[in-house]
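Listing of work_35.cif; format and content: mmCIF, C-alpha atoms.
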data_query
loop_
_atom_site.label_atom_id
_atom_site.label_comp_id
_atom_site.auth_asym_id
_atom_site.auth_seq_id
_atom_site.Cartn_x
_atom_site.Cartn_y
_atom_site.Cartn_z
CA MET A 1 12.90 20.73 -39.94
CA ASP A 2 11.41 17.24 -40.27
CA ASP A 3 12.24 16.51 -36.62
CA VAL A 4 10.45 19.68 -35.56
CA ASN A 5 7.33 18.63 -37.46
CA LYS A 6 7.29 15.34 -35.54
CA ILE A 7 6.80 17.12 -32.19
CA ALA A 8 3.27 16.58 -30.92
CA THR A 9 0.88 19.49 -31.20
CA PRO A 10 -0.05 20.93 -27.77
CA VAL A 11 -3.59 20.15 -26.62
CA LEU A 12 -5.59 23.36 -26.19
CA ASP A 13 -8.35 24.04 -23.69
CA ARG A 14 -11.46 26.07 -24.50
CA SER A 15 -9.58 29.32 -24.10
CA GLY A 16 -7.03 28.24 -26.67
CA GLU A 17 -4.31 27.78 -24.05
CA PRO A 18 -2.28 24.52 -23.91
CA ARG A 19 -3.19 22.17 -21.04
CA ALA A 20 -0.17 20.61 -19.34
CA TYR A 21 -2.38 17.87 -17.91
CA GLU A 22 -2.79 16.35 -21.37
CA ARG A 23 0.96 15.85 -21.64
CA ILE A 24 1.53 13.76 -18.53
CA ARG A 25 1.70 9.94 -18.39
CA THR A 26 -1.62 8.22 -18.93
CA GLN A 27 -0.86 6.05 -15.88
CA ILE A 28 -1.00 9.19 -13.75
CA MET A 29 -3.96 11.00 -15.29
CA ASP A 30 -6.63 9.01 -13.48
CA LEU A 31 -4.95 8.89 -10.07
CA GLN A 32 -7.05 10.35 -7.28
CA THR A 33 -6.17 11.34 -3.73
CA GLU A 34 -9.87 11.22 -2.88
CA ASN A 35 -10.58 8.59 -0.28
CA ILE A 36 -12.46 10.00 2.67
CA ALA A 37 -12.09 13.58 1.45
CA GLU A 38 -15.79 14.28 0.96
CA LEU A 39 -16.62 12.93 4.40
CA ALA A 40 -13.77 14.89 5.98
CA VAL A 41 -15.01 18.12 4.38
CA ARG A 42 -18.51 17.47 5.67
CA ALA A 43 -17.17 16.66 9.14
CA LYS A 44 -15.66 20.16 9.40
CA SER A 45 -19.14 21.64 9.44
CA LEU A 46 -20.33 19.29 12.20
CA THR A 47 -19.62 19.42 15.92
CA ASP A 48 -18.16 16.76 18.20
CA VAL A 49 -17.24 14.25 15.49
CA ILE A 50 -15.24 11.18 16.57
CA THR A 51 -12.97 10.56 13.59
CA LEU A 52 -12.00 6.90 13.29
CA TRP A 53 -11.34 6.76 9.56
CA TYR A 54 -7.56 7.21 9.53
CA GLY A 55 -5.21 4.25 9.92
CA GLU A 56 -3.29 5.47 12.94
CA GLY A 57 -3.62 5.33 16.68
CA ASP A 58 -3.99 8.18 19.14
CA LEU A 59 -0.68 7.63 20.93
CA VAL A 60 2.14 10.10 20.35
CA THR A 61 5.51 8.56 19.47
CA PRO A 62 7.07 7.68 22.85
CA ASP A 63 9.70 9.87 24.47
CA PHE A 64 12.62 7.48 24.05
CA ILE A 65 12.20 7.49 20.26
CA ARG A 66 11.71 11.26 20.02
CA ASP A 67 14.65 11.86 22.34
CA ALA A 68 16.89 9.69 20.15
CA ALA A 69 15.98 11.75 17.09
CA LYS A 70 16.51 15.01 19.00
CA ALA A 71 19.91 13.83 20.21
CA SER A 72 20.88 12.97 16.66
CA LEU A 73 19.85 16.44 15.51
CA ASP A 74 21.73 18.06 18.38
CA ALA A 75 24.80 16.04 17.38
CA GLY A 76 24.65 17.67 13.95
CA ASN A 77 23.51 14.59 12.00
CA THR A 78 21.90 16.64 9.25
CA PHE A 79 24.05 15.41 6.37
CA TYR A 80 23.53 12.67 3.80
CA VAL A 81 23.57 9.05 4.92
CA PRO A 82 26.11 7.70 2.39
CA ASP A 83 24.91 4.08 2.55
CA MET A 84 21.73 3.92 0.49
CA ARG A 85 20.71 0.74 2.33
CA GLY A 86 20.29 2.78 5.48
CA LEU A 87 22.19 4.04 8.52
CA PRO A 88 24.59 1.16 9.35
CA ALA A 89 23.66 1.17 13.05
CA LEU A 90 20.00 0.81 12.09
CA THR A 91 20.44 -1.91 9.46
CA GLU A 92 22.56 -3.93 11.90
CA ALA A 93 20.00 -3.52 14.69
CA LEU A 94 17.18 -4.36 12.28
CA SER A 95 18.97 -7.55 11.25
CA ALA A 96 19.26 -8.61 14.90
CA TYR A 97 15.62 -7.67 15.53
CA LEU A 98 14.27 -9.66 12.55
CA THR A 99 16.51 -12.63 13.28
CA ASN A 100 15.30 -12.80 16.87
CA LEU A 101 11.65 -12.17 15.96
CA HIS A 102 11.38 -14.79 13.21
CA GLY A 103 13.80 -17.39 14.53
CA ARG A 104 16.10 -17.56 11.51
CA ASP A 105 19.12 -15.61 10.31
CA ILE A 106 18.19 -12.49 8.34
CA PRO A 107 21.54 -10.80 7.61
CA VAL A 108 22.08 -7.06 7.14
CA PRO A 109 22.15 -7.09 3.28
CA ARG A 110 18.62 -8.50 3.16
CA SER A 111 16.92 -5.27 4.28
CA THR A 112 16.82 -1.75 2.84
CA ILE A 113 15.60 1.25 4.85
CA THR A 114 12.94 3.33 3.09
CA PRO A 115 11.10 6.62 3.69
CA GLY A 116 7.96 4.86 4.86
CA GLY A 117 6.21 1.59 4.10
CA MET A 118 4.68 3.10 0.95
CA GLN A 119 8.16 3.66 -0.47
CA ALA A 120 9.00 0.03 0.29
CA VAL A 121 5.91 -1.02 -1.71
CA PHE A 122 6.96 1.20 -4.59
CA LEU A 123 10.56 -0.04 -4.60
CA ALA A 124 9.44 -3.67 -4.58
CA LEU A 125 7.15 -3.13 -7.56
CA GLU A 126 9.62 -0.97 -9.50
CA LEU A 127 12.21 -3.69 -9.03
CA ILE A 128 10.25 -6.40 -10.84
CA VAL A 129 7.23 -5.05 -12.79
CA ASP A 130 7.48 -4.01 -16.44
CA ARG A 131 4.74 -2.29 -18.41
CA GLY A 132 2.26 -4.95 -19.48
CA ASP A 133 2.97 -7.26 -16.54
CA ASN A 134 0.26 -7.97 -14.00
CA VAL A 135 0.29 -8.29 -10.22
CA VAL A 136 -2.34 -10.44 -8.54
CA PHE A 137 -3.34 -9.02 -5.17
CA ILE A 138 -5.69 -10.09 -2.42
CA GLU A 139 -8.57 -7.77 -1.58
CA PRO A 140 -10.15 -6.17 0.39
CA GLN A 141 -6.86 -4.30 0.35
CA TRP A 142 -5.27 -1.00 1.31
CA PRO A 143 -5.98 1.05 -1.86
CA ASN A 144 -2.39 2.29 -2.21
CA ILE A 145 -1.26 -1.16 -3.31
CA LYS A 146 -3.61 -1.29 -6.29
CA SER A 147 -2.65 2.26 -7.26
CA ALA A 148 1.08 1.57 -6.91
CA ILE A 149 0.79 -1.40 -9.28
CA HIS A 150 -0.97 0.89 -11.75
CA VAL A 151 1.61 3.70 -11.40
CA VAL A 152 4.57 1.45 -12.26
CA GLY A 153 2.77 0.29 -15.41
CA GLY A 154 1.39 -3.03 -14.22
CA GLU A 155 -2.12 -4.41 -14.39
CA PRO A 156 -3.69 -4.83 -10.93
CA ARG A 157 -5.58 -8.14 -10.73
CA PRO A 158 -7.69 -8.49 -7.58
CA VAL A 159 -8.72 -11.80 -6.03
CA ALA A 160 -11.26 -11.37 -3.27
CA LEU A 161 -11.26 -13.09 0.07
CA ARG A 162 -14.54 -14.95 0.44
CA TYR A 163 -16.94 -13.89 3.18
CA GLU A 164 -18.30 -17.21 4.41
CA ASN A 165 -19.77 -18.28 7.75
CA ASN A 166 -19.28 -14.79 9.14
CA ASP A 167 -15.56 -14.74 8.39
CA TRP A 168 -13.10 -14.04 5.57
CA ARG A 169 -11.33 -16.93 3.82
CA LEU A 170 -8.64 -17.20 1.15
CA ASP A 171 -9.17 -19.61 -1.74
CA LEU A 172 -5.62 -20.44 -2.85
CA ASP A 173 -6.80 -22.35 -5.92
CA GLU A 174 -8.67 -19.27 -7.12
CA LEU A 175 -5.63 -17.09 -6.38
CA PHE A 176 -3.24 -19.33 -8.30
CA ALA A 177 -5.66 -19.66 -11.22
CA ARG A 178 -5.66 -15.87 -11.61
CA CYS A 179 -1.94 -15.95 -12.42
CA ASP A 180 -0.65 -16.35 -15.96
CA ALA A 181 2.53 -15.93 -18.01
CA ARG A 182 2.47 -12.15 -17.46
CA THR A 183 2.10 -12.35 -13.67
CA LYS A 184 5.16 -10.97 -11.89
CA ALA A 185 3.96 -11.08 -8.29
CA ILE A 186 1.27 -12.05 -5.82
CA MET A 187 0.75 -9.31 -3.24
CA PHE A 188 -1.18 -9.24 0.03
CA SER A 189 -1.16 -7.80 3.54
CA THR A 190 -1.15 -9.90 6.69
CA PRO A 191 -2.64 -9.00 9.12
CA SER A 192 -4.67 -7.18 6.53
CA ASN A 193 -5.84 -3.64 6.23
CA PRO A 194 -8.82 -3.36 6.58
CA LEU A 195 -9.94 -6.78 7.86
CA GLY A 196 -7.30 -8.07 10.24
CA TRP A 197 -7.43 -11.33 8.22
CA THR A 198 -4.13 -13.12 8.79
CA ALA A 199 -2.49 -15.68 6.51
CA SER A 200 -1.79 -18.96 8.28
CA PRO A 201 1.67 -20.57 8.25
CA GLU A 202 0.24 -23.26 5.95
CA GLU A 203 -1.05 -20.67 3.49
CA LEU A 204 2.31 -18.90 3.47
CA GLU A 205 4.05 -22.22 2.85
CA GLU A 206 1.80 -22.88 -0.15
CA LEU A 207 2.36 -19.39 -1.52
CA ILE A 208 6.14 -19.75 -1.37
CA ALA A 209 5.97 -23.25 -2.86
CA PHE A 210 3.91 -21.81 -5.73
CA SER A 211 6.54 -19.11 -6.21
CA ARG A 212 9.30 -21.72 -6.38
CA ARG A 213 7.37 -23.63 -9.06
CA THR A 214 6.42 -20.65 -11.20
CA GLY A 215 9.03 -17.92 -10.68
CA ILE A 216 6.30 -15.51 -9.50
CA TRP A 217 7.35 -13.17 -6.70
CA ILE A 218 5.57 -13.03 -3.34
CA ILE A 219 5.26 -9.55 -1.79
CA SER A 220 3.86 -9.56 1.74
CA ASP A 221 2.86 -6.29 3.39
CA GLU A 222 3.54 -6.99 7.09
CA LEU A 223 3.13 -3.54 8.62
CA TYR A 224 0.73 -4.96 11.22
CA ASN A 225 2.89 -8.01 11.96
CA ARG A 226 3.46 -7.02 15.60
CA LEU A 227 -0.23 -6.28 16.17
CA ASP A 228 -1.28 -9.93 16.28
CA PHE A 229 -3.72 -10.87 19.06
CA THR A 230 -2.52 -14.44 19.61
CA ALA A 231 1.29 -14.08 19.70
CA ASP A 232 4.15 -11.58 19.72
CA ARG A 233 3.97 -11.49 15.95
CA ALA A 234 1.79 -12.81 13.17
CA PRO A 235 3.02 -15.59 10.84
CA SER A 236 5.47 -14.12 8.33
CA VAL A 237 7.00 -15.11 5.00
CA LEU A 238 10.36 -14.40 6.63
CA GLN A 239 9.97 -17.46 8.83
CA ILE A 240 9.80 -19.64 5.71
CA ALA A 241 11.65 -18.01 2.83
CA GLU A 242 15.23 -18.94 2.03
CA ASP A 243 17.75 -16.21 1.21
CA GLU A 244 17.22 -16.29 -2.56
CA ASP A 245 13.53 -17.13 -2.69
CA LEU A 246 11.50 -14.64 -4.74
CA VAL A 247 10.02 -13.13 -1.60
CA MET A 248 9.87 -9.56 -0.30
CA SER A 249 8.39 -8.31 2.96
CA VAL A 250 7.22 -4.71 3.34
CA ASN A 251 7.31 -3.27 6.85
CA GLY A 252 7.65 -0.02 8.73
CA PHE A 253 7.67 1.86 12.01
CA SER A 254 4.29 3.59 11.60
CA LYS A 255 1.91 1.27 13.42
CA ALA A 256 3.65 -0.74 16.15
CA TRP A 257 5.81 2.19 17.29
CA ALA A 258 3.30 5.02 16.67
CA MET A 259 5.51 6.69 14.08
CA THR A 260 3.09 7.35 11.21
CA GLY A 261 4.38 10.87 10.59
CA TRP A 262 8.05 9.90 10.62
CA ARG A 263 7.89 8.20 7.21
CA LEU A 264 10.31 5.38 7.96
CA GLY A 265 10.05 1.78 6.80
CA TRP A 266 12.02 -1.08 5.36
CA LEU A 267 11.93 -3.74 2.67
CA THR A 268 13.32 -7.22 3.35
CA HIS A 269 14.40 -8.99 0.15
CA PRO A 270 16.85 -11.52 -1.31
CA LYS A 271 20.45 -10.59 -0.64
CA SER A 272 21.34 -10.53 -4.34
CA VAL A 273 19.03 -7.58 -5.08
CA ALA A 274 20.49 -5.34 -2.36
CA THR A 275 22.77 -3.47 -4.78
CA PRO A 276 20.10 -2.57 -7.37
CA LEU A 277 17.75 -1.55 -4.58
CA ALA A 278 20.43 0.74 -3.17
CA ALA A 279 20.85 2.27 -6.62
CA MET A 280 17.10 2.77 -6.96
CA THR A 281 17.04 4.43 -3.55
CA GLN A 282 19.77 6.83 -4.64
CA TYR A 283 17.91 7.91 -7.75
CA ILE A 284 14.42 8.05 -6.26
CA ASN A 285 14.94 9.80 -2.92
CA SER A 286 18.55 9.33 -1.72
CA GLY A 287 17.40 7.67 1.48
CA SER A 288 15.95 8.75 4.83
CA ALA A 289 17.29 11.46 7.12
CA ALA A 290 19.90 10.34 9.65
CA PHE A 291 18.01 11.74 12.65
CA VAL A 292 14.79 10.00 11.56
CA GLN A 293 16.70 6.72 11.30
CA ALA A 294 18.09 7.37 14.79
CA GLY A 295 14.49 7.27 16.02
CA GLY A 296 14.01 3.96 14.21
CA LEU A 297 17.14 2.59 15.87
CA ALA A 298 15.71 3.41 19.31
CA ALA A 299 12.42 1.77 18.32
CA VAL A 300 13.87 -1.63 17.35
CA THR A 301 16.37 -1.76 20.21
CA ARG A 302 14.30 -0.37 23.08
CA GLY A 303 10.68 -0.51 21.95
CA GLU A 304 9.34 -3.94 22.93
CA ASP A 305 7.36 -2.69 25.93
CA PHE A 306 5.76 0.01 23.79
CA VAL A 307 4.88 -2.49 21.04
CA LYS A 308 3.04 -4.54 23.66
CA GLN A 309 1.21 -1.41 24.79
CA VAL A 310 0.05 -0.64 21.23
CA ARG A 311 -0.99 -4.26 20.68
CA GLU A 312 -3.06 -4.31 23.87
CA ARG A 313 -4.63 -0.95 22.94
CA CYS A 314 -5.76 -2.43 19.62
CA ARG A 315 -7.05 -5.61 21.27
CA ALA A 316 -8.95 -3.59 23.88
CA GLY A 317 -10.41 -1.39 21.13
CA VAL A 318 -11.65 -4.46 19.27
CA ASP A 319 -13.19 -5.89 22.45
CA ALA A 320 -14.93 -2.59 23.31
CA THR A 321 -16.38 -2.32 19.81
CA TYR A 322 -17.67 -5.90 19.80
CA GLU A 323 -19.13 -5.49 23.27
CA ALA A 324 -21.16 -2.50 22.07
CA LEU A 325 -22.16 -3.73 18.60
CA SER A 326 -22.55 -7.50 18.98
CA GLY A 327 -26.14 -8.69 18.87
CA LEU A 328 -27.53 -5.58 17.17
CA ASN A 329 -29.99 -6.55 14.44
CA SER A 330 -28.94 -3.62 12.25
CA ILE A 331 -25.21 -4.53 12.28
CA VAL A 332 -23.47 -7.29 10.31
CA LEU A 333 -20.39 -8.00 12.41
CA PRO A 334 -17.83 -10.60 11.24
CA GLU A 335 -15.79 -12.75 13.58
CA LYS A 336 -13.27 -10.77 15.62
CA PRO A 337 -10.15 -9.89 13.63
CA LYS A 338 -6.97 -11.80 14.44
CA GLY A 339 -4.81 -8.68 14.43
CA GLY A 340 -4.37 -5.14 13.17
CA MET A 341 -6.08 -1.98 14.38
CA TYR A 342 -9.47 -2.13 12.68
CA VAL A 343 -12.98 -3.47 13.02
CA THR A 344 -15.10 -3.86 9.88
CA PHE A 345 -18.87 -4.20 9.86
CA ALA A 346 -21.83 -3.55 7.60
CA LEU A 347 -25.30 -2.12 8.07
CA ALA A 348 -28.04 -4.65 7.44
CA GLY A 349 -29.78 -3.94 4.15
CA GLU A 350 -27.25 -1.30 3.05
CA ALA A 351 -24.98 -2.41 0.21
CA ASP A 352 -23.33 0.97 -0.43
CA SER A 353 -20.68 1.91 2.13
CA ARG A 354 -20.71 5.52 0.91
CA ASN A 355 -24.31 5.89 2.01
CA ALA A 356 -23.66 4.03 5.24
CA CYS A 357 -20.68 6.22 6.17
CA THR A 358 -22.61 9.39 5.37
CA ARG A 359 -25.52 8.22 7.50
CA ILE A 360 -23.32 7.39 10.48
CA LEU A 361 -21.41 10.67 10.15
CA GLU A 362 -24.62 12.71 10.03
CA ASP A 363 -26.61 10.81 12.64
CA ALA A 364 -23.95 9.50 15.03
CA ARG A 365 -21.17 12.03 14.51
CA VAL A 366 -18.67 9.18 13.94
CA GLY A 367 -16.30 9.20 10.97
CA LEU A 368 -15.58 5.79 9.39
CA ALA A 369 -13.81 4.72 6.19
CA PRO A 370 -16.08 3.32 3.45
CA GLY A 371 -15.29 -0.23 2.37
CA TRP A 372 -15.48 0.55 -1.36
CA LEU A 373 -12.00 2.06 -1.03
CA PHE A 374 -10.61 -1.41 -0.37
CA GLY A 375 -12.30 -3.25 -3.23
CA GLU A 376 -15.64 -4.42 -4.59
CA SER A 377 -15.80 -7.34 -2.19
CA SER A 378 -15.96 -4.97 0.80
CA ASN A 379 -18.28 -2.37 -0.74
CA ALA A 380 -20.92 -2.94 1.93
CA PHE A 381 -18.49 -2.78 4.85
CA LEU A 382 -17.17 0.10 6.95
CA ARG A 383 -13.73 0.31 8.55
CA MET A 384 -13.31 1.64 12.06
CA CYS A 385 -9.86 2.30 13.50
CA VAL A 386 -9.90 1.07 17.10
CA CYS A 387 -6.34 1.90 18.21
CA ARG A 388 -7.81 4.52 20.51
CA ASP A 389 -8.69 5.07 24.14
CA THR A 390 -11.40 2.51 24.95
CA LYS A 391 -13.69 5.19 26.42
CA ARG A 392 -13.64 6.97 23.08
CA ILE A 393 -14.22 3.72 21.20
CA GLY A 394 -17.08 2.82 23.54
CA GLU A 395 -18.67 6.23 23.04
CA ALA A 396 -18.38 5.95 19.25
CA SER A 397 -19.93 2.48 19.29
CA ARG A 398 -22.81 3.60 21.51
CA ARG A 399 -23.47 6.56 19.22
CA ILE A 400 -23.65 4.23 16.23
CA ALA A 401 -26.05 1.90 18.04
CA ASN A 402 -28.27 4.81 19.10
CA ALA A 403 -28.29 6.29 15.60
CA LEU A 404 -29.46 2.94 14.26
CA GLY A 405 -32.29 2.88 16.79
CA GLU A 406 -30.82 0.16 18.98
#

Mind turning the file's structure into structure tokens?
Amino acid sequence: MDDVNKIATPVLDRSGEPRAYERIRTQIMDLQTENIAELAVRAKSLTDVITLWYGEGDLVTPDFIRDAAKASLDAGNTFYVPDMRGLPALTEALSAYLTNLHGRDIPVPRSTITPGGMQAVFLALELIVDRGDNVVFIEPQWPNIKSAIHVVGGEPRPVALRYENNDWRLDLDELFARCDARTKAIMFSTPSNPLGWTASPEELEELIAFSRRTGIWIISDELYNRLDFTADRAPSVLQIAEDEDLVMSVNGFSKAWAMTGWRLGWLTHPKSVATPLAAMTQYINSGSAAFVQAGGLAAVTRGEDFVKQVRERCRAGVDATYEALSGLNSIVLPEKPKGGMYVTFALAGEADSRNACTRILEDARVGLAPGWLFGESSNAFLRMCVCRDTKRIGEASRRIANALGE
């Protein structure tokens, strides 16, 4: 009877009925899916809206990838993939792809296939973060990273890039000073979402050296790695890190191969953590579907020409946007991004990106993502996805200029 009395009393709502919401984890209670939801609802009541708020291009996954998945389905590959690290053909091809791309041996056991890049983020954090730990992350940042740190029980600690001389800059001293005895990881994206800011090889070297001195993990989100505008790939931690360095790289098929809806990614990590990551995969989702992984296999083995096409589409979108918006008195336009699929800008005299996005949606019929989603440091900025047909990007930019009276 004493044990029964120890059971918590259900929380009642005004009707006297128990509310299940009050009995869920406090880490989950304040999670919101709201990001551009209010704008999207408003857009439904408007006509001829050019929606550039989502982080995906307008290209359909190419035929050779879709055909590979169809062939796998037709072959009856609808059963479990027993190896929780991923389909062996894919993990072997991925090892060869990463080794060739980064110029150093990255063997099969160093990568685990995941159902999307978000799952790779979650696995990386679940692997190392205990309740009460903190993770220092660089913002402006894709909001899912901050929320994922929170969900696993960690404290998200942002360090903002500095906007100086019309460009974004990382202060490594400030970043390192934000770390303490409870810091488990430093996390960032390069090229970044939303800015296209890209960590230099020297900055990556210093980050890994700091990790070696302190035992703090480095988690680099490199989903836009192939969308660099100066080379075939952006600088990566994988070019520097040794096999057992405390370094993990998050990546996926969504952006460079136009596979956002496929939900397929990977996490590259030290070889010694492959077994626990496989176990985590088993208990969290039991891996990705075989026919989806067959599409990923086609992407990494036959997709270089398509990657170049996506990269050039992003570069052309950036150029078209800057051609239309540069020199406008009402636009604050940073230096061109070094990679990624976004342009960020602000409206002169408008510090609230919510108001700015609403104004542009109403007056220009263009849907943009408000910068407050990505952190306080980008609250005045708007994100525009430019991985689109340049005619559409040009039209959106002209509408914005006209709506601003320029």

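When the PyMOL selection byres ((chain A and resi 185) around 6) is evaluated against the file, it yields Val135, Thr183, Lys184, Ile186, Ile216, Trp217 and Ile218 of chain A.
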
Fewer than 6 positions away in the same chain doesn't count, so skip those; otherwise give me all residues within 10 Å of Ala256 (chain A), counting all atoms listed in the file, as a PyMOL selection string.
-> chain A and resi 56-57+223-227+299+303-304+306-311+340-341

Nearest to Trp257 (chain A) by atom-to-atom distance, counting all atoms listed in the file, from A:Ser330, A:Thr344, A:Thr190, A:Thr61 |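 The answer is A:Thr61, which sits nearest to Trp257 (chain A).
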
On this structure, which residues satisfy the PyMOL selection byres ((chain A and resi 345) around 12), written as a PyMOL selection string?
-> chain A and resi 163+166-167+194-195+318+321-322+325-326+328+330-337+342-344+346-348+350-351+353+356-357+368-371+378-385+397+400

If the PyMOL selection byres ((chain A and resi 96-113) around 6) is run on the structure shown, which residues does it catch, given as a VMD selection string?
-> chain A and resid 85 to 86 91 to 95 114 239 265 to 271

Can you write out the residues you just picked, keeping C-alpha atoms, as a short mmCIF file (atom, residue, chain, number, x, y, z; two decimals), in the coordinates of the input?
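New file out-v3.cif:
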data_model
loop_
_atom_site.label_atom_id
_atom_site.label_comp_id
_atom_site.auth_asym_id
_atom_site.auth_seq_id
_atom_site.Cartn_x
_atom_site.Cartn_y
_atom_site.Cartn_z
CA ARG A 85 20.71 0.74 2.33
CA GLY A 86 20.29 2.78 5.48
CA THR A 91 20.44 -1.91 9.46
CA GLU A 92 22.56 -3.93 11.90
CA ALA A 93 20.00 -3.52 14.69
CA LEU A 94 17.18 -4.36 12.28
CA SER A 95 18.97 -7.55 11.25
CA THR A 114 12.94 3.33 3.09
CA GLN A 239 9.97 -17.46 8.83
CA GLY A 265 10.05 1.78 6.80
CA TRP A 266 12.02 -1.08 5.36
CA LEU A 267 11.93 -3.74 2.67
CA THR A 268 13.32 -7.22 3.35
CA HIS A 269 14.40 -8.99 0.15
CA PRO A 270 16.85 -11.52 -1.31
CA LYS A 271 20.45 -10.59 -0.64
#

Mind pulling up the distance from CA of Ser220 (chain A) to CA of Met187 (chain A)?
->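 Pair CA of Met187 (chain A) / CA of Ser220 (chain A) returns 5.9 Å.
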
Neighbours of Ala290 (chain A) within 7 Å (only C-alpha atoms; same-chain residues fewer than 2 positions away dropped), as a VMD selection string?
-> chain A and resid 77 to 78 81 87 288 292 to 294

Point out the residue among A:Asn165, A:Ser286, A:Thr26, A:Asn193 with the least atom-to-atom distance to Asn144 (chain A), counting all atoms listed in the file.
-> A:Asn193

Atomic separation - CA of Trp197 (chain A) relative to CA of Gly394 (chain A), Å =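 Taking CA of Gly394 (chain A) and CA of Trp197 (chain A), their separation equals 23.0 Å.
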
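The gap separating CA of Ala364 (chain A) from CA of Glu164 (chain A) is 29.3 Å, in Å to one decimal.
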
Which one is closest to Glu38 (chain A): A:Ala258, A:Ser249, A:Thr358, A:Ala279? Count only C-alpha atoms.
->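 Among the listed residues, A:Thr358 lies closest to Glu38 (chain A).
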
From A:Gly261, A:Gly317, A:Gly339, A:Gly287, residue lying nearest Ala199 (chain A) [only C-alpha atoms] =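 Ranking A:Gly261, A:Gly317, A:Gly339, A:Gly287 by distance to Ala199 (chain A), first place goes to A:Gly339.
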
Shortest interatomic distance to Arg313 (chain A) - which of A:Thr390, A:Ser254, A:Ser45, A:Thr260, counting all atoms listed in the file | A:Thr390

Could you name the residues that touch Ile50 (chain A) at 12 Å or less, counting all atoms listed in the file, but leaving out those on the same chain fewer than 5 positions away, as a list of chain:residue names?
->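 Skipping anything fewer than 5 positions along the chain leaves A:Ala40, A:Ala43, A:Lys44, A:Asp58, A:Ile360, A:Leu361, A:Glu362, A:Ala364, A:Arg365, A:Val366, A:Gly367, A:Leu368, A:Met384, A:Cys385, A:Val386, A:Arg388, A:Asp389, A:Lys391, A:Arg392, A:Ile393, A:Gly394, A:Glu395, A:Ala396, A:Ser397, A:Arg398, A:Arg399, A:Ile400.
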
Since we have the selection now, will you write its residues out, keeping C-alpha atoms, as an mmCIF file, in the frame of the given file?
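After the write, part_21.cif holds the following:
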data_model
loop_
_atom_site.group_PDB
_atom_site.id
_atom_site.type_symbol
_atom_site.label_atom_id
_atom_site.label_comp_id
_atom_site.auth_asym_id
_atom_site.auth_seq_id
_atom_site.Cartn_x
_atom_site.Cartn_y
_atom_site.Cartn_z
ATOM 1 C CA ALA A 40 -13.770 14.890 5.980
ATOM 2 C CA ALA A 43 -17.170 16.660 9.140
ATOM 3 C CA LYS A 44 -15.660 20.160 9.400
ATOM 4 C CA ASP A 58 -3.990 8.180 19.140
ATOM 5 C CA ILE A 360 -23.320 7.390 10.480
ATOM 6 C CA LEU A 361 -21.410 10.670 10.150
ATOM 7 C CA GLU A 362 -24.620 12.710 10.030
ATOM 8 C CA ALA A 364 -23.950 9.500 15.030
ATOM 9 C CA ARG A 365 -21.170 12.030 14.510
ATOM 10 C CA VAL A 366 -18.670 9.180 13.940
ATOM 11 C CA GLY A 367 -16.300 9.200 10.970
ATOM 12 C CA LEU A 368 -15.580 5.790 9.390
ATOM 13 C CA MET A 384 -13.310 1.640 12.060
ATOM 14 C CA CYS A 385 -9.860 2.300 13.500
ATOM 15 C CA VAL A 386 -9.900 1.070 17.100
ATOM 16 C CA ARG A 388 -7.810 4.520 20.510
ATOM 17 C CA ASP A 389 -8.690 5.070 24.140
ATOM 18 C CA LYS A 391 -13.690 5.190 26.420
ATOM 19 C CA ARG A 392 -13.640 6.970 23.080
ATOM 20 C CA ILE A 393 -14.220 3.720 21.200
ATOM 21 C CA GLY A 394 -17.080 2.820 23.540
ATOM 22 C CA GLU A 395 -18.670 6.230 23.040
ATOM 23 C CA ALA A 396 -18.380 5.950 19.250
ATOM 24 C CA SER A 397 -19.930 2.480 19.290
ATOM 25 C CA ARG A 398 -22.810 3.600 21.510
ATOM 26 C CA ARG A 399 -23.470 6.560 19.220
ATOM 27 C CA ILE A 400 -23.650 4.230 16.230
#

A:Leu170, A:Cys314, A:Asp243, A:Arg25 ranked by distance to Ala274 (chain A), top pick (using all atoms listed in the file) = A:Asp243

Pull the closest atom pair for each residue of region 247-330 of chain A that gets at most 8 Å from region 116-127 of chain A, along with the distance in Å to one decimal, counting all atoms listed in the file, ordering rows by chain and then ascending residue number, as CSV.
residue,atom,partner,partner_atom,distance
A:Met248,CA,A:Ala124,CA,7.3
A:Val250,CA,A:Ala120,CA,5.9
A:Asn251,CA,A:Gly117,CA,5.7
A:Gly252,CA,A:Gly117,CA,5.1
A:Phe253,CA,A:Gly116,CA,7.8
A:Ser254,CA,A:Gly116,CA,7.8
A:Trp262,CA,A:Gly116,CA,7.7
A:Arg263,CA,A:Gly116,CA,4.1
A:Leu264,CA,A:Gly116,CA,3.9
A:Gly265,CA,A:Gly116,CA,4.2
A:Trp266,CA,A:Ala120,CA,6.0
A:Leu267,CA,A:Ala120,CA,5.3
A:Leu277,CA,A:Leu123,CA,7.3
A:Met280,CA,A:Leu123,CA,7.5
A:Thr281,CA,A:Leu123,CA,7.9

List the neighbours of Phe188 (chain A) out to 9 Å using only C-alpha atoms; skip same-chain residues closer than 3 positions along the sequence, and give me the result as number ranges by chain.
-> A: 136-139, 141, 145, 192, 218-222
